[in-house]
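Participant: First, the structure itself, so that you have it in front of you.
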Amino acid sequence: MLEPVTVSLASLNITTLAPMVIAIIGALVILSIDLFKGGLHKSLYVMVSLLFLLLDLGAIVDFGNLFLRNGTILGMFDVMLIDGLAILAQIIIVAGSMLFIPLALTSKRFHEYNYPEYFALFLFMIAGFQFMVSTDNLIMVFIGLEMASLALYTLIALHNRSKSFEAAVKYFTMGALAAGFFAFGSMILYAITGSVEINQIALALAKDEYTNIGYVLLGVTFLLAAFGFKLSMVPFHTWTPDVYEGSSAALAGYMSIVPKIAGFVVAMRLFEFLVHSGVVWLQVILYVVVVVTMTASNIWALVQSDVKRMLAYSSISHAGFVMAAILIGSTQSNTGLFLYWALFSFTNLGAFSMLWVNRQKNLVPGQSSDHPYEKFSGLVRTMPMAAVVMALFMLSLAGVPPFALFWGKMYLIGSAVSGGYTVLALIMALNSAIAAYYYLKLIVFMFMKEPLPAYGRKYLMNASLSLKTIIGIAAVSAIFGVFAVNPLLKVITLFVYNSGY
Amino acid sequence: MQEHILSILIFFPALAAMLGFVVHKDSAKAYGITVAGIEFFLSLWLWHIYDPMTSGMQFMEMAPLVSAFGINYMVGIDGISLFIIILSAFFTLIGILSLTETRRVKDLILTLLFLEMTMIGVFSALDAIVFYVFWELSLVPMLYIIGAWGGPLRIYASVKFFLYTFTGSLVMLVGMLFMAYFYYQATGQWSFSLLEWYRLILPVNYQMWLFAAFFLGFAIKVPMFPFHTWLPYAHGQAPTIGSVILAAILLKMGTYAFVRFSLPLFPDATVAFMFPIAILAIIMIIYGAMVAYAQEDIKQVVAYSSISHMGVIILGTFALNVEGISGSVFLMIAHGVVSGALFLLVGVIYDRRHTKLMSEFGGLASVMPRYATIFGIMMMASVGLPLTINFVGEFLSLLGFYKQSHSYTLVAGTAIIVGAIYMLSAYKKAFFGPVTKEENKHLKDLNKTELYGLVPLVVIAIWLGVYPKPVLEPINNSVEAIVQLMHDKAQTPEAQKRIPNLAKTGTMNSVQEAH
Amino acid sequence: MEIYLYTALFSPLVGSLITALFGASRKTYFTGILASGLLFASFVSSLILLTYVMAGHTVHVEMMTWIATGDLYIPFGFVVDQVSVTMMMVVTTVSTVVHIYSIGYMSHDKGFNRFFSYLSAFVFSMMVLVMSDNFLGLFIGWEGVGLCSWLLIGFWYHKESATWAANEAFIMNRIADLAMLIGIFMIYWNLGSLQYDVVFAHISSLPMPIITWIGIFLFIGAMGKSAQFPLHTWLADAMEGPTPVSALIHAATMVTAGVYLVVRANPIYSEIPDVGNAIASLGAFVAMFAATMALVNRDMKRIIAYSTLSQLGYMFVAAGLGAYWVALFHLMAHAFFKALLFLGAGNVMHAMHDELDPFKMGGLKTSMKWTWILMTLASVALAGIYPLAGFFSKDLILEVAFVEQHYILYTVLLLTAGMTAFYSFRLVALIFHGDKRHLEHGIHPHEAYTFMLYAMAPLAILAVIAGMVFKTPYYQMVTQLLPAVQYHIHNHTTFWIMTIGTQLFVILAIAYAYKKYAKAVKVDKKVESGFFYQLLYNQYYIPKIYDEVFSKPYLQLSKLAWKQIDLRIVDATVDGIANIIYQTGEKTHTMQDGNLSSMLRWMVIGVVVLLVLAVAFTAGYNAVNLRAM
Amino acid sequence: MELTLNHYLVLSAVLFAIGLIGVMRRKNLLMLFFATEILLNAVNVGMAAISHYRGDYTGQMFAFFIIAIAASEVAVGLGLLIVWYKRTGKIDLDQMTSMRG
Amino acid sequence: MFEAVAFYLFAALTIVMFTITVMTSQALYALTAMAAGMIFISAFFFILGADFLGAIQIIVYTGAVMALYAFGMMFFDTTRNVIEKRNNPRFVVILGGLAAVLVVLIVLAPIVTTDLNAHYPIDTSVGNSQAIGMVLFTKYLVPFEVAAVMLLVAMIAGIVLAGKKMDKSLTLMADEEIALMHALSHDTTEEKGGH
């Protein structure tokens, strides 16, 4: 017979669930509000979401303090793992979400914002990502991932036009395949180690001295494919441009940041010990994947005719760039990863917000996508401030100093150099040069061409004060990012180093 | 104020540019002149309070930027940078003064002010990353200037300019990071401070790689053969003001960086690469001159002549002795003045006729005598006539390199011949002969605005040719410090031999040594 | 004395600058008079300095630092010693005359003011050249006169030929200047200074090869300025400039700078007699070579130019053989009579409406009596007839060659003397005697302004007396600095035979010239189409060869470098790389065909590739481990 | 012949591959979703087998959650299909190529 | 022995069923074959002693999932022959086959492990369901709850997506049209269609 289990509540550390629970409660609150009184304006939901996210962030920051005092916190039968990575990732996730959710406050009406469920799902998704990063149990990762993904698919589809359905279906289907890969990969690792917890897996593998190398590689292959999908590594990236194009610019921007950081953290937990285990294969594969992802997506971005698709490819490239940090696997590089992503999120937020504000509902004749380059022709004449700000984001993305992203880029390349990956560092640098071309292309259109009359009054269609504020925040942080670098570096290093990465 | 003079110099124009958004577009030029004028006077004041007898850095400022990674905002100047800074301020002023552009003048002027910030920043940065920041940032306004106000191929030209330079400098960035990593390994601390780096003696094989990485960045900027092809396009398409600044200041960034980075950081590699680079420099000199000779467009002649002259500067830099390096630094300034003036002059004629083809002109000397005179003076300066500014630099550069190699110098010396060939033939085509074209018969001679821009340049070109001492002396003192540093750091016997030791001999009495 | 030095040096500059201000304005005699006046001041100052130097003093001033860096220290230093004062006298005298003359000559020219500005600038440069106390200072003047020469040759810039000649002169001089620079570099790196006194004091301490190379390089520099073969072609072409310019620059002063350099650097050349011999040989060759070309030329000014070239050859013979003072003396004498000759030619040109072919003139002595007299006088002096200047200076060089036992040189020079006499009087005969052929062309000649003739008078006087009167005092003065060697043929018989023989030879040549050209001119078609005539007439085809071998190929090569190398290779490579990247994108972005099925397939392909690698790696890993076991 | 874990793993792999073929082959989205179910089921077999041979419940847990996930995916997937079908009247993925390049 | 026979039998059956599922062009066949395959898979669970899982498999898959799919099939009208354009069918099979071969190649190797201690050892003394419950509500309590939330998410997603509100797209409508639509909707009862 089974013995009754007695567990002290204290040892459970139920508070470890606090951030996610806050998000979930927020979602439920939104649903209930709608239940009692329907048809409320979206601004209410935006603000409620924002409030709960603020609480969420508060909880995380609290954990941050706790972590700095006591180190890693385990909870709920060791399923929850709050370490530095988790805290940093959650901060980026929640903060990123907080910056994106106000983008719903457009002056034009879009379908998705009519749904209170949209905001509920948004909060569920955030909770999903939070679960995903604050555990090292593959089951938990999987569930968190799926919860977030399912919500995300829906959010994309709610934009409600054929392109967004197409995007959602594509994303969903590929996601299902990736889920299969993830499950299979976890199964293989479970088969050889008898565990689904990453640190246990690492221990078991080390104990066995990687005797079952075939199995290890098999498992890693499938997991790599699964995370390759999530992080859009070539050739698992194919969904990215289509999904970005299909979804609203706001969501596309969101997708380029938040889901990826969650993916990076899990990938870091999973692959880093493998990289350090001396499995040459993995190093080589990661190397190849990183280089191919960076380069190929850059090259494809060159030939795009739509700015959003270009940004999609560019974000693939950025992801590849950051993936290099995992390959290098030093404290410096992991710090670099978070730094880069923190800075990237602001700049990318800005860039996508700029697309969002100029999203027009009715395409002009001959316009095949929402944001063709031509639309930006001569913007500096018609709306100089918008052009300057957009150019600023492009320059930052291109890594032109002193704008924010340059510092991330520099630090990452620096970590490659000090990690002994000189050639990689050079490739990273040269890729930035290729990338500069397509960012410049937009600048060229904005600053050096004559305005096209067809698009004359289409810019800032969608702008509202809150959107402008968000863009302002992004712009300010892109320009003055340099002053944030030092504190960020210090904090991130502290967190990353104390988590043992 | 004196302690923060450099920061003021760097950021004043940028701040002014931001405020300038408010200024009405009709008053933009006046605003630009005011700001550039103030900046220029500040730079003159900087010269005034600069102590020419000291060789080290002056007016140093430091503020932590990313101290966790050893990046600090650190600026300071020595004799080498001082004059290029003044030149930058000067040319911005001259450029705005003689601006004839009518399209979106305000944008152009504000862009120029931003550009001024980056230029002064580059030349006063003492931290590699700060240097890099300004270095890269300078591309942006230039991109805009070429791309928005340029000729028909402007977009191609501007993007090519940007990407080419950007690529090179990214490789340089990797080099800088490597350098910082070495410093970290050696001392356990991150630092990008140039002065800290100077203290580091690197293993020779690392020096080679790092030198190569830095070289790529600098060489594209200079531009050295075979990385020069962005230059003709950039100049050919750029508006006058763009060409002026590009030729006068931006190109100097490359050569300046050689002096500031490559030489003192990697003395052994510098010596090892001296001859290959000298060969490139010689190719630049002769090949550039030949290509210039073949041009049909007078602006392209000047553009290619820049390549040729930059070859001499490079040669002087790699002479590795005080004479050569001082000469090359002086020539940087000289070439700035002269090529800047020449581009301005080409701009004058372009404004009137909207063509730069020499075949469209001829006989201008009789129609526009003042113009022809000033052009002639500047051409002669460009050719390196004694008592003009260029001669001092060219002479010293070649003199310096003669110490390293006689035969190379002999070949490089053909600069004075081939230079004369393309310049005189271009002058002949445009200015001499009968006036054949009807349109040319009634061209107006230089007007007052144009003279305001050109006359000071003529004065400088001659003044510094006759009396280079005020400029040459500070340069000399700073260069001596660099050469001594290089000598002290040199490890290979070859390098020790090639780089003179100034400390030991004191005032060299070579007559005695010759025995 | 410094004040005189500065006056001598800077008053031409002041003149130049002031007149330059009027450069673009309408002609005003004021400029000409002012420039001439200032030059006269310079002349007077030079004269005062001459007396001072004659008394055995020298003046040496250092005005200010010019270039100082590293160990290099170059001041603006000026020295007035026996050598430079000679040159100063020559320069100021001739240029004063030419200035005054030009007021008349250029009176109808639009560029009157500009002309004086250039001319004075030239004088200033020349003064810097001769007065400098270091090599780089000399180089300033050297290049300065080059510039002024360029300006003045191309003075009539609307003429294609003039501008072409100007550029040719400048570029050719530049070639030589490079060598000179190299020589300067060598001096600096070996001696650490460029000051004459330091250099000359220590030159003998250097190893022989180095001195030799220094000597050679400096001489190549001199060759350019003095138009020695093979850099001579520019001089004849330089006659495109106004005639006073030819008189001043391309006869009296600038072209003699090369000789001056060799004389000035005599301590160097004394160390290397072999180089000296080579210089002398080249000089003799050029003397003869130029004279032959002058024999058949049909351009009045070119004939005189070739004659100048020939005389420069003489000077180099003297200088090369170590007879520096003789070279300098001939330089001085030559300056007077050659300038006179040119100015006379200028009068003729004016009268003939710029006609230059003497075969289209004739019988001018009636209408231009004074010019005739002056030119004949100058020609006699040039031919070296006793007691005119040429006899004392030129025949002295013959003696030098003889005394130094360079008989071949002597023979060559002797023959050349004959030719000189012939072509000089061929010219005089063609112009002033015989039929008035010019009437066919409807030209009615008239004599030049009187004041121009007066201006020429001092030169005429000097051409007559310079040799006779100046020789001894000059020798005494100049040998305080230069090696004092008296060239006397001690055997009196030989001396007399030689002197009288030479005189007879020259007179015969003159007589032949008169006989052939003074009456009716018969054009002998057969002779003219002969090989030698054509060879000489075409200047040994050298300009043509230069054009074919250097100019054209250089242009071709330049075009090739631009169109083929720069655009097709260097630039195309860069664009090619960019294009390859872009095209790769164009070609491969179709991989994203928007079809979900292929997207899924890509994912599976990715997995399969990874699997293949995994299996391969596992196999390899196992193989290694098994072997290890 | 004793059954070992490897038997099950091979079976799992084969089933997974069948699923992959289905995923790649199917153009009808509904039937494509069938194939994704096969993928997950294949994993479940393996999980249960490992759990059995290891004597560890974790595998069964994993399988349990996978079933849950599969079920939720069906819900969302069908929802997406329905809107898509309502809009276009087709669920053939070849119709879904408006975004490319 | 029985186990082996059962294994091979069910293995063959599942493989055949799933092959039919992916290869047939009849949607109905595919659905049926899949349902059958699922049931056969539950047989493995029973063989492996995971009774609870077997039960769940049958209930969830054959009960819920299949029902959903069947509903979907009817909705999409895919009961007839499904015409699918095939491109490179051979490529697909080769790729799939290759994947299978490669994975099988690896999983054929025996697993060597020193770590034989199960984290949550199977306790034969109690029933499978009980034991599962024990683990599920201790260690996997959080995942379990999160899975519940996930199902909620899926539910909301399904409802929202299939709801009537999706029929008209505000995204594609101009502002005037939306205003007009709202004006009309106040008259009718159509307040909101999501629920």
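Residue names in the structure tokens use chain letters A, B, ... in the order shown, residue numbers from 1 in each chain, and ligand numbers from 1 in the order shown.
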For the contact check between chain A and chain E, emit one row per residue of chain A within 7 Å, containing the shortest atom pair and the distance in Å rounded to one decimal, counting only C-alpha atoms, chain then rising number order, as CSV.
Facilitator:
```
residue,atom,partner,partner_atom,distance
A:Met1,CA,E:Val126,CA,5.8
A:Leu2,CA,E:Val126,CA,6.9
A:Phe77,CA,E:Lys139,CA,5.2
A:Arg109,CA,E:Leu170,CA,6.6
A:Phe110,CA,E:Thr171,CA,4.4
A:His111,CA,E:Leu170,CA,4.5
A:Leu121,CA,E:Val153,CA,6.8
A:Met140,CA,E:Pro143,CA,5.6
A:Ile143,CA,E:Ala147,CA,6.3
A:Met147,CA,E:Met150,CA,4.9
A:Leu150,CA,E:Ala154,CA,6.6
A:Ala151,CA,E:Val153,CA,6.4
A:Thr154,CA,E:Ala157,CA,5.8
A:His159,CA,E:Thr171,CA,6.6
A:Asn160,CA,E:Ser169,CA,5.6
A:Arg161,CA,E:Ser169,CA,6.7
A:Ile192,CA,E:Ile111,CA,6.3
A:Gly194,CA,E:Ala118,CA,6.6
A:Ala204,CA,E:Asp115,CA,6.9
A:Asp208,CA,E:Thr113,CA,6.2
A:Thr211,CA,E:Val112,CA,6.9
A:Asn212,CA,E:Ile111,CA,6.4
A:Gly214,CA,E:Ile106,CA,5.7
A:Tyr215,CA,E:Ile106,CA,6.4
A:Lys361,CA,E:Leu172,CA,6.0
```
Participant: Just the residues within 9 Å of region 29-37 of chain D, please, counting only C-alpha atoms, with nothing from its chain fewer than 3 positions along; format it as a ChimeraX atom specification.
Facilitator: /A:169,173,176-177,179-180 /D:18-26,40-42,70,74,77-78,81,91-93 /E:18,21-22,27,30-31,34,69,72-73,76,78
Participant: Quick check: residues of chain A within 7 Å of chain C, only C-alpha atoms, returned as number ranges by chain.
Facilitator: A: 170, 174, 213-214, 217-218, 221-222, 225, 235-236, 238, 281, 299-300, 302-303
Participant: Could you list, as a list in words, every residue of chain D that has an atom within 7 Å of an atom of chain C, counting only C-alpha atoms?
Facilitator: Met24, Lys27, Leu93, Asp94, Met96, Thr97, Ser98, Met99, Arg100 and Gly101 of chain D
Participant: If you keep N, CA, C and O atoms, can you produce a file of those selected residues as a short mmCIF file (atom, residue, chain, number, x, y, z; two decimals), in the first residue's frame?
Facilitator:
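Wrote it out as selection.cif, contents follow:
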```cif
data_model
loop_
_atom_site.label_atom_id
_atom_site.label_comp_id
_atom_site.auth_asym_id
_atom_site.auth_seq_id
_atom_site.Cartn_x
_atom_site.Cartn_y
_atom_site.Cartn_z
N MET D 24 5.33 15.05 -44.15
CA MET D 24 5.90 15.61 -45.37
C MET D 24 4.99 15.40 -46.57
O MET D 24 5.02 16.15 -47.53
N LYS D 27 -1.00 16.90 -47.98
CA LYS D 27 -1.30 18.27 -48.36
C LYS D 27 -2.60 18.72 -47.70
O LYS D 27 -2.85 19.91 -47.55
N LEU D 93 -3.06 22.64 -48.21
CA LEU D 93 -2.00 23.61 -47.91
C LEU D 93 -1.36 24.19 -49.16
O LEU D 93 -0.66 25.19 -49.08
N ASP D 94 -1.60 23.57 -50.31
CA ASP D 94 -1.07 24.18 -51.53
C ASP D 94 -1.76 25.51 -51.84
O ASP D 94 -1.25 26.31 -52.63
N MET D 96 -2.12 27.69 -49.72
CA MET D 96 -1.66 28.60 -48.67
C MET D 96 -0.27 29.13 -48.98
O MET D 96 0.67 28.90 -48.26
N THR D 97 -0.14 29.79 -50.12
CA THR D 97 1.21 30.24 -50.47
C THR D 97 1.22 31.72 -50.80
O THR D 97 1.92 32.16 -51.70
N SER D 98 0.42 32.48 -50.07
CA SER D 98 0.40 33.91 -50.39
C SER D 98 1.67 34.61 -49.91
O SER D 98 1.99 35.69 -50.36
N MET D 99 2.38 33.98 -49.01
CA MET D 99 3.62 34.60 -48.52
C MET D 99 4.79 33.72 -48.91
O MET D 99 4.78 32.52 -48.66
N ARG D 100 5.74 34.30 -49.50
CA ARG D 100 6.89 33.52 -49.97
C ARG D 100 8.10 34.43 -50.12
O ARG D 100 8.00 35.63 -50.03
N GLY D 101 9.22 33.76 -50.40
CA GLY D 101 10.43 34.53 -50.76
C GLY D 101 11.37 34.73 -49.62
O GLY D 101 11.05 34.70 -48.46
#
```
Participant: Could you give me, as a list in words, the residues within 12 Å of Thr16 (chain A), counting only C-alpha atoms and dropping anything in the same chain fewer than 6 positions from it?
Facilitator: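 Using only C-alpha atoms, the neighbours found are Ala10, Ile22, Asp56, Ala59, Ile60, Asp62, Phe63, Gly64, Leu66, Phe67, Thr72, Ile73, Leu74, Gly75, Met76, Phe77, Asp78, Val79, Met80, Leu81, Ile82, Asp83, Ala86, Ile87, Gln130, Phe131, Ser134 and Thr135 of chain A; Val142 of chain E.
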Participant: Please dump the current selection as a compact mmCIF listing (two decimals), in the first residue's frame; keep N, CA, C and O atoms.
Facilitator:
```
# COMPACT_ATOMS: atom_id res chain seq x y z
N ALA A 10 6.62 24.50 3.73
CA ALA A 10 7.78 25.38 3.59
C ALA A 10 8.75 24.82 2.56
O ALA A 10 9.30 25.55 1.75
N ILE A 22 0.66 34.94 -10.87
CA ILE A 22 0.14 36.30 -11.06
C ILE A 22 -0.34 36.48 -12.48
O ILE A 22 -1.45 36.97 -12.72
N ASP A 56 3.86 40.98 -11.68
CA ASP A 56 4.70 39.87 -12.10
C ASP A 56 6.17 40.27 -12.03
O ASP A 56 7.01 39.60 -11.41
N ALA A 59 7.39 40.59 -8.58
CA ALA A 59 7.70 39.29 -7.98
C ALA A 59 9.05 38.78 -8.44
O ALA A 59 9.86 38.27 -7.66
N ILE A 60 9.30 38.97 -9.73
CA ILE A 60 10.57 38.47 -10.27
C ILE A 60 11.73 39.22 -9.67
O ILE A 60 12.74 38.64 -9.27
N ASP A 62 11.81 40.62 -6.90
CA ASP A 62 11.95 40.12 -5.55
C ASP A 62 12.79 38.86 -5.52
O ASP A 62 13.69 38.70 -4.70
N PHE A 63 12.49 37.98 -6.44
CA PHE A 63 13.29 36.75 -6.54
C PHE A 63 14.73 37.06 -6.86
O PHE A 63 15.64 36.38 -6.40
N GLY A 64 14.89 38.12 -7.65
CA GLY A 64 16.25 38.53 -7.98
C GLY A 64 17.04 38.83 -6.73
O GLY A 64 18.16 38.35 -6.54
N LEU A 66 16.35 37.81 -3.75
CA LEU A 66 16.49 36.57 -2.99
C LEU A 66 17.63 35.72 -3.54
O LEU A 66 18.44 35.16 -2.80
N PHE A 67 17.67 35.68 -4.85
CA PHE A 67 18.71 34.88 -5.50
C PHE A 67 20.09 35.40 -5.16
O PHE A 67 21.01 34.64 -4.86
N THR A 72 20.44 29.88 -5.92
CA THR A 72 19.34 29.25 -6.64
C THR A 72 18.24 28.76 -5.70
O THR A 72 18.51 28.18 -4.65
N ILE A 73 17.01 28.99 -6.13
CA ILE A 73 15.87 28.57 -5.32
C ILE A 73 15.17 27.43 -6.04
O ILE A 73 14.85 27.53 -7.23
N LEU A 74 14.96 26.35 -5.32
CA LEU A 74 14.21 25.23 -5.89
C LEU A 74 12.86 25.19 -5.21
O LEU A 74 12.71 25.57 -4.05
N GLY A 75 11.87 24.72 -5.92
CA GLY A 75 10.56 24.66 -5.29
C GLY A 75 9.68 23.63 -5.96
O GLY A 75 9.99 23.14 -7.06
N MET A 76 8.59 23.32 -5.28
CA MET A 76 7.62 22.39 -5.81
C MET A 76 8.27 21.09 -6.28
O MET A 76 8.24 20.75 -7.44
N PHE A 77 8.81 20.40 -5.34
CA PHE A 77 9.48 19.11 -5.61
C PHE A 77 10.58 19.26 -6.65
O PHE A 77 10.74 18.45 -7.54
N ASP A 78 11.26 20.36 -6.54
CA ASP A 78 12.39 20.65 -7.42
C ASP A 78 12.01 20.79 -8.89
O ASP A 78 12.86 20.73 -9.77
N VAL A 79 10.73 20.92 -9.12
CA VAL A 79 10.35 21.16 -10.51
C VAL A 79 10.67 22.61 -10.89
O VAL A 79 11.20 22.89 -11.95
N MET A 80 10.38 23.49 -9.96
CA MET A 80 10.68 24.88 -10.24
C MET A 80 12.14 25.16 -9.90
O MET A 80 12.66 24.72 -8.88
N LEU A 81 12.74 25.90 -10.76
CA LEU A 81 14.15 26.23 -10.55
C LEU A 81 14.30 27.71 -10.84
O LEU A 81 14.18 28.14 -12.00
N ILE A 82 14.51 28.48 -9.79
CA ILE A 82 14.68 29.91 -10.00
C ILE A 82 16.16 30.22 -9.83
O ILE A 82 16.65 30.36 -8.71
N ASP A 83 16.85 30.27 -10.94
CA ASP A 83 18.25 30.69 -10.86
C ASP A 83 18.42 31.99 -11.64
O ASP A 83 17.44 32.58 -12.09
N ALA A 86 16.88 32.09 -15.06
CA ALA A 86 15.43 32.17 -15.04
C ALA A 86 15.00 33.60 -14.74
O ALA A 86 14.09 34.14 -15.39
N ILE A 87 15.66 34.21 -13.77
CA ILE A 87 15.24 35.55 -13.38
C ILE A 87 15.48 36.54 -14.52
O ILE A 87 14.60 37.31 -14.90
N GLN A 130 7.26 31.80 -18.85
CA GLN A 130 7.91 31.87 -17.53
C GLN A 130 8.14 30.48 -16.97
O GLN A 130 9.19 30.19 -16.41
N PHE A 131 7.14 29.64 -17.15
CA PHE A 131 7.34 28.26 -16.71
C PHE A 131 8.49 27.60 -17.45
O PHE A 131 9.29 26.87 -16.88
N SER A 134 11.82 28.72 -16.04
CA SER A 134 12.19 28.56 -14.64
C SER A 134 12.05 27.10 -14.20
O SER A 134 11.48 26.82 -13.16
N THR A 135 12.55 26.24 -15.00
CA THR A 135 12.56 24.84 -14.62
C THR A 135 13.68 24.17 -15.40
O THR A 135 14.11 24.70 -16.43
N VAL E 142 2.87 20.55 -10.28
CA VAL E 142 2.90 21.81 -11.02
C VAL E 142 2.66 21.57 -12.51
O VAL E 142 1.78 22.19 -13.11
```
Participant: Please identify all polymer residues within 10 Å of Ala23 (chain A), counting only C-alpha atoms, omitting same-chain residues fewer than 6 positions from it, and present them as a list in words.
Facilitator: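 Counting only C-alpha atoms, the residues come to Val29, Ser49, Leu51, Phe52, Leu53, Leu54, Leu55, Asp56, Leu57, Val94, Ala120, Phe122, Leu123, Phe124, Met125, Ile126, Ala127, Gly128 and Gln130 of chain A.
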Participant: Write the residues of the preceding selection, restricted to C-alpha atoms, as a compact mmCIF listing (two decimals), in the first residue's frame.
Facilitator:
```
# COMPACT_ATOMS: atom_id res chain seq x y z
CA VAL A 29 -9.41 38.25 -14.05
CA SER A 49 -2.62 43.30 -18.28
CA LEU A 51 -0.87 45.98 -13.99
CA PHE A 52 -0.56 42.28 -13.62
CA LEU A 53 2.64 42.27 -15.58
CA LEU A 54 3.91 44.93 -13.24
CA LEU A 55 3.08 42.73 -10.30
CA ASP A 56 4.70 39.87 -12.10
CA LEU A 57 7.81 41.89 -12.65
CA VAL A 94 7.82 40.36 -18.74
CA ALA A 120 -6.04 36.68 -21.42
CA PHE A 122 -1.41 37.03 -23.91
CA LEU A 123 -0.99 36.65 -20.17
CA PHE A 124 -1.28 32.87 -20.39
CA MET A 125 1.41 32.90 -22.97
CA ILE A 126 3.68 34.90 -20.72
CA ALA A 127 3.04 32.47 -17.92
CA GLY A 128 3.90 29.66 -20.29
CA GLN A 130 7.91 31.87 -17.53
```
